[in-house]
>>> print(open('work_3.cif').read())   # mmCIF, N, CA and C atoms
data_my_file
#
loop_
_atom_site.group_PDB
_atom_site.id
_atom_site.type_symbol
_atom_site.label_atom_id
_atom_site.label_comp_id
_atom_site.auth_asym_id
_atom_site.auth_seq_id
_atom_site.Cartn_x
_atom_site.Cartn_y
_atom_site.Cartn_z
ATOM 1 N N MET A 1 95.216 91.592 114.521
ATOM 2 C CA MET A 1 95.699 92.961 114.583
ATOM 3 C C MET A 1 95.991 93.436 113.165
ATOM 4 N N SER A 2 95.672 94.671 112.934
ATOM 5 C CA SER A 2 95.921 95.273 111.633
ATOM 6 C C SER A 2 97.422 95.339 111.348
ATOM 7 N N PRO A 3 97.830 95.054 110.104
ATOM 8 C CA PRO A 3 99.249 95.186 109.760
ATOM 9 C C PRO A 3 99.779 96.599 110.001
ATOM 10 N N VAL A 4 98.930 97.598 109.835
ATOM 11 C CA VAL A 4 99.349 98.978 110.077
ATOM 12 C C VAL A 4 99.732 99.145 111.541
ATOM 13 N N PHE A 5 98.926 98.603 112.440
ATOM 14 C CA PHE A 5 99.220 98.712 113.867
ATOM 15 C C PHE A 5 100.401 97.847 114.272
ATOM 16 N N ALA A 6 100.545 96.698 113.669
ATOM 17 C CA ALA A 6 101.586 95.750 114.067
ATOM 18 C C ALA A 6 102.993 96.280 113.817
ATOM 19 N N ARG A 7 103.170 97.097 112.795
ATOM 20 C CA ARG A 7 104.529 97.529 112.447
ATOM 21 C C ARG A 7 104.940 98.852 113.084
ATOM 22 N N GLU A 8 104.054 99.480 113.830
ATOM 23 C CA GLU A 8 104.343 100.806 114.398
ATOM 24 C C GLU A 8 104.801 100.729 115.849
ATOM 25 N N LYS A 9 105.466 101.774 116.278
ATOM 26 C CA LYS A 9 105.901 101.926 117.665
ATOM 27 C C LYS A 9 104.712 102.342 118.534
ATOM 28 N N GLY A 10 104.780 102.052 119.803
ATOM 29 C CA GLY A 10 103.681 102.320 120.717
ATOM 30 C C GLY A 10 103.249 103.765 120.817
ATOM 31 N N TYR A 11 104.188 104.703 120.705
ATOM 32 C CA TYR A 11 103.841 106.108 120.929
ATOM 33 C C TYR A 11 102.888 106.668 119.885
ATOM 34 N N VAL A 12 102.868 106.142 118.663
ATOM 35 C CA VAL A 12 101.969 106.686 117.638
ATOM 36 C C VAL A 12 100.510 106.371 117.946
ATOM 37 N N PHE A 13 100.256 105.382 118.797
ATOM 38 C CA PHE A 13 98.883 105.043 119.165
ATOM 39 C C PHE A 13 98.289 106.067 120.119
ATOM 40 N N LEU A 14 99.130 106.835 120.784
ATOM 41 C CA LEU A 14 98.648 107.823 121.737
ATOM 42 C C LEU A 14 98.021 109.030 121.047
ATOM 43 N N ASN A 15 98.367 109.269 119.797
ATOM 44 C CA ASN A 15 97.789 110.375 119.036
ATOM 45 C C ASN A 15 96.514 109.876 118.354
ATOM 46 N N VAL A 16 95.437 109.815 119.129
ATOM 47 C CA VAL A 16 94.141 109.346 118.630
ATOM 48 C C VAL A 16 93.102 110.411 118.942
ATOM 49 N N GLN A 17 92.142 110.584 118.048
ATOM 50 C CA GLN A 17 91.131 111.623 118.242
ATOM 51 C C GLN A 17 89.819 111.197 117.612
ATOM 52 N N MET A 18 88.751 111.836 118.026
ATOM 53 C CA MET A 18 87.442 111.590 117.431
ATOM 54 C C MET A 18 87.421 112.189 116.027
ATOM 55 N N SER A 19 86.758 111.490 115.142
ATOM 56 C CA SER A 19 86.556 111.967 113.777
ATOM 57 C C SER A 19 85.046 112.042 113.560
ATOM 58 N N GLY A 20 84.468 113.182 113.872
ATOM 59 C CA GLY A 20 83.010 113.302 113.854
ATOM 60 C C GLY A 20 82.422 112.615 115.078
ATOM 61 N N ASN A 21 81.173 112.174 114.958
ATOM 62 C CA ASN A 21 80.492 111.522 116.075
ATOM 63 C C ASN A 21 80.583 110.014 116.041
ATOM 64 N N ASP A 22 81.072 109.452 114.931
ATOM 65 C CA ASP A 22 80.967 108.001 114.780
ATOM 66 C C ASP A 22 82.265 107.307 114.390
ATOM 67 N N ALA A 23 83.385 107.978 114.553
ATOM 68 C CA ALA A 23 84.657 107.351 114.174
ATOM 69 C C ALA A 23 85.797 107.914 115.020
ATOM 70 N N ILE A 24 86.857 107.140 115.089
ATOM 71 C CA ILE A 24 88.093 107.597 115.713
ATOM 72 C C ILE A 24 89.198 107.504 114.672
ATOM 73 N N GLU A 25 90.220 108.324 114.850
ATOM 74 C CA GLU A 25 91.299 108.314 113.865
ATOM 75 C C GLU A 25 92.660 108.447 114.531
ATOM 76 N N TRP A 26 93.630 107.850 113.859
ATOM 77 C CA TRP A 26 95.037 107.966 114.219
ATOM 78 C C TRP A 26 95.709 108.705 113.059
ATOM 79 N N PRO A 27 95.848 110.027 113.136
ATOM 80 C CA PRO A 27 96.384 110.802 112.017
ATOM 81 C C PRO A 27 97.801 110.400 111.617
ATOM 82 N N ASP A 28 98.632 110.027 112.580
ATOM 83 C CA ASP A 28 100.005 109.637 112.252
ATOM 84 C C ASP A 28 100.059 108.354 111.435
ATOM 85 N N LEU A 29 99.025 107.530 111.556
ATOM 86 C CA LEU A 29 98.981 106.258 110.837
ATOM 87 C C LEU A 29 98.092 106.320 109.595
ATOM 88 N N ASP A 30 97.363 107.422 109.431
ATOM 89 C CA ASP A 30 96.379 107.561 108.360
ATOM 90 C C ASP A 30 95.345 106.442 108.446
ATOM 91 N N VAL A 31 94.810 106.222 109.663
ATOM 92 C CA VAL A 31 93.833 105.168 109.917
ATOM 93 C C VAL A 31 92.588 105.792 110.543
ATOM 94 N N ASP A 32 91.426 105.452 109.983
ATOM 95 C CA ASP A 32 90.130 105.830 110.544
ATOM 96 C C ASP A 32 89.382 104.546 110.867
ATOM 97 N N LEU A 33 88.637 104.560 111.961
ATOM 98 C CA LEU A 33 87.907 103.367 112.383
ATOM 99 C C LEU A 33 86.522 103.778 112.854
ATOM 100 N N GLU A 34 85.492 103.203 112.240
ATOM 101 C CA GLU A 34 84.134 103.488 112.673
ATOM 102 C C GLU A 34 83.877 102.804 114.008
ATOM 103 N N ILE A 35 83.277 103.531 114.931
ATOM 104 C CA ILE A 35 82.975 102.974 116.246
ATOM 105 C C ILE A 35 82.025 101.795 116.118
ATOM 106 N N ASP A 36 81.115 101.843 115.168
ATOM 107 C CA ASP A 36 80.184 100.737 114.952
ATOM 108 C C ASP A 36 80.919 99.436 114.621
ATOM 109 N N SER A 37 82.079 99.538 113.973
ATOM 110 C CA SER A 37 82.841 98.324 113.637
ATOM 111 C C SER A 37 83.415 97.659 114.892
ATOM 112 N N LEU A 38 83.597 98.429 115.963
ATOM 113 C CA LEU A 38 84.039 97.846 117.230
ATOM 114 C C LEU A 38 82.871 97.194 117.967
ATOM 115 N N LYS A 39 81.696 97.804 117.842
ATOM 116 C CA LYS A 39 80.509 97.253 118.491
ATOM 117 C C LYS A 39 79.968 96.027 117.760
ATOM 118 N N HIS A 40 80.076 96.023 116.431
ATOM 119 C CA HIS A 40 79.510 94.959 115.601
ATOM 120 C C HIS A 40 80.509 94.505 114.531
ATOM 121 N N PRO A 41 81.594 93.844 114.924
ATOM 122 C CA PRO A 41 82.616 93.463 113.946
ATOM 123 C C PRO A 41 82.110 92.511 112.860
ATOM 124 N N GLU A 42 81.058 91.772 113.141
ATOM 125 C CA GLU A 42 80.513 90.843 112.142
ATOM 126 C C GLU A 42 79.970 91.573 110.914
ATOM 127 N N ARG A 43 79.667 92.833 111.036
ATOM 128 C CA ARG A 43 79.170 93.630 109.900
ATOM 129 C C ARG A 43 80.296 94.147 109.001
ATOM 130 N N TYR A 44 81.531 93.967 109.432
ATOM 131 C CA TYR A 44 82.673 94.533 108.720
ATOM 132 C C TYR A 44 83.701 93.443 108.414
ATOM 133 N N PRO A 45 83.496 92.698 107.333
ATOM 134 C CA PRO A 45 84.469 91.646 106.999
ATOM 135 C C PRO A 45 85.836 92.235 106.672
ATOM 136 N N LEU A 46 86.866 91.475 106.953
ATOM 137 C CA LEU A 46 88.236 91.939 106.714
ATOM 138 C C LEU A 46 88.617 91.690 105.257
ATOM 139 N N ILE A 47 88.187 92.589 104.405
ATOM 140 C CA ILE A 47 88.459 92.497 102.970
ATOM 141 C C ILE A 47 89.067 93.816 102.521
ATOM 142 N N MET A 48 90.128 93.729 101.754
ATOM 143 C CA MET A 48 90.766 94.928 101.259
ATOM 144 C C MET A 48 90.900 94.845 99.747
ATOM 145 N N LYS A 49 90.471 95.877 99.065
ATOM 146 C CA LYS A 49 90.678 95.971 97.628
ATOM 147 C C LYS A 49 91.922 96.810 97.399
ATOM 148 N N ARG A 50 92.845 96.271 96.616
ATOM 149 C CA ARG A 50 94.061 97.024 96.310
ATOM 150 C C ARG A 50 93.827 98.027 95.204
ATOM 151 N N ASN A 51 92.941 97.686 94.272
ATOM 152 C CA ASN A 51 92.615 98.617 93.197
ATOM 153 C C ASN A 51 91.229 98.279 92.653
ATOM 154 N N GLN A 52 90.737 99.059 91.706
ATOM 155 C CA GLN A 52 89.378 98.896 91.186
ATOM 156 C C GLN A 52 89.196 97.587 90.433
ATOM 157 N N LEU A 53 90.265 96.965 89.979
ATOM 158 C CA LEU A 53 90.145 95.742 89.192
ATOM 159 C C LEU A 53 90.106 94.488 90.058
ATOM 160 N N ASP A 54 90.385 94.610 91.334
ATOM 161 C CA ASP A 54 90.322 93.446 92.226
ATOM 162 C C ASP A 54 88.900 92.944 92.321
ATOM 163 N N TYR A 55 88.728 91.640 92.297
ATOM 164 C CA TYR A 55 87.415 91.020 92.418
ATOM 165 C C TYR A 55 87.210 90.554 93.853
ATOM 166 N N ILE A 56 86.094 90.933 94.426
ATOM 167 C CA ILE A 56 85.748 90.444 95.756
ATOM 168 C C ILE A 56 84.438 89.677 95.596
ATOM 169 N N GLY A 57 84.489 88.377 95.844
ATOM 170 C CA GLY A 57 83.309 87.554 95.625
ATOM 171 C C GLY A 57 82.774 86.913 96.835
#
>>> encode(input="work_3.cif", output="structure tokens")
Amino acid sequence: MSPVFAREKGYVFLNVQMSGNDAIEWPDLDVDLEIDSLKHPERYPLIMKRNQLDYIG
């Protein structure tokens, strides 16, 4: 589970909407999620860059 989702109360999850044709968003959490990432999670590794100087290898 995403740390963003883990720390929030249940009611903020109810405010979800489509973001174009290929994504959903939770505006209260400032989270966007591509629908393709739910269908094919293997294409989306769980890597986060904190800033431009972070190295991802």
>>> resolve_selection(input="work_3.cif", expression="the PyMOL selection byres (((chain A and resi 25-41 and name CA) around 8) and name CA)", output="list of chain:residue names")
A:Val4, A:Val12, A:Phe13, A:Asn15, A:Val16, A:Gln17, A:Met18, A:Ser19, A:Asp22, A:Ala23, A:Ile24, A:Glu42, A:Arg43, A:Tyr44, A:Pro45
>>> axis_aligned_box(input="work_3.cif", around="range 13-19 of chain A", padding_each_side="4 Å", output="AutoDock Vina command-line options")
--center_x 92.7 --center_y 108.6 --center_z 117.6 --size_x 23.2 --size_y 15.1 --size_z 16.2
>>> atom_distance(input="work_3.cif", atom1="atom C of Asn21 in chain A", atom2="atom N of Arg50 in chain A")
26.8 Å
>>> select_by_dssp(input="work_3.cif", residues="range 7-51 of chain A", states="strand (DSSP E or B)", output="PDB file with N, CA and C atoms, keeping the file's coordinate frame")
ATOM      1  N   GLN A  17      92.142 110.584 118.048  1.00  0.00           N
ATOM      2  CA  GLN A  17      91.131 111.623 118.242  1.00  0.00           C
ATOM      3  C   GLN A  17      89.819 111.197 117.612  1.00  0.00           C
ATOM      4  N   MET A  18      88.751 111.836 118.026  1.00  0.00           N
ATOM      5  CA  MET A  18      87.442 111.590 117.431  1.00  0.00           C
ATOM      6  C   MET A  18      87.421 112.189 116.027  1.00  0.00           C
ATOM      7  N   ALA A  23      83.385 107.978 114.553  1.00  0.00           N
ATOM      8  CA  ALA A  23      84.657 107.351 114.174  1.00  0.00           C
ATOM      9  C   ALA A  23      85.797 107.914 115.020  1.00  0.00           C
ATOM     10  N   ILE A  24      86.857 107.140 115.089  1.00  0.00           N
ATOM     11  CA  ILE A  24      88.093 107.597 115.713  1.00  0.00           C
ATOM     12  C   ILE A  24      89.198 107.504 114.672  1.00  0.00           C
ATOM     13  N   GLU A  25      90.220 108.324 114.850  1.00  0.00           N
ATOM     14  CA  GLU A  25      91.299 108.314 113.865  1.00  0.00           C
ATOM     15  C   GLU A  25      92.660 108.447 114.531  1.00  0.00           C
ATOM     16  N   TRP A  26      93.630 107.850 113.859  1.00  0.00           N
ATOM     17  CA  TRP A  26      95.037 107.966 114.219  1.00  0.00           C
ATOM     18  C   TRP A  26      95.709 108.705 113.059  1.00  0.00           C
ATOM     19  N   VAL A  31      94.810 106.222 109.663  1.00  0.00           N
ATOM     20  CA  VAL A  31      93.833 105.168 109.917  1.00  0.00           C
ATOM     21  C   VAL A  31      92.588 105.792 110.543  1.00  0.00           C
ATOM     22  N   ASP A  32      91.426 105.452 109.983  1.00  0.00           N
ATOM     23  CA  ASP A  32      90.130 105.830 110.544  1.00  0.00           C
ATOM     24  C   ASP A  32      89.382 104.546 110.867  1.00  0.00           C
ATOM     25  N   LEU A  33      88.637 104.560 111.961  1.00  0.00           N
ATOM     26  CA  LEU A  33      87.907 103.367 112.383  1.00  0.00           C
ATOM     27  C   LEU A  33      86.522 103.778 112.854  1.00  0.00           C
ATOM     28  N   GLU A  34      85.492 103.203 112.240  1.00  0.00           N
ATOM     29  CA  GLU A  34      84.134 103.488 112.673  1.00  0.00           C
ATOM     30  C   GLU A  34      83.877 102.804 114.008  1.00  0.00           C
TER      31      GLU A  34
END
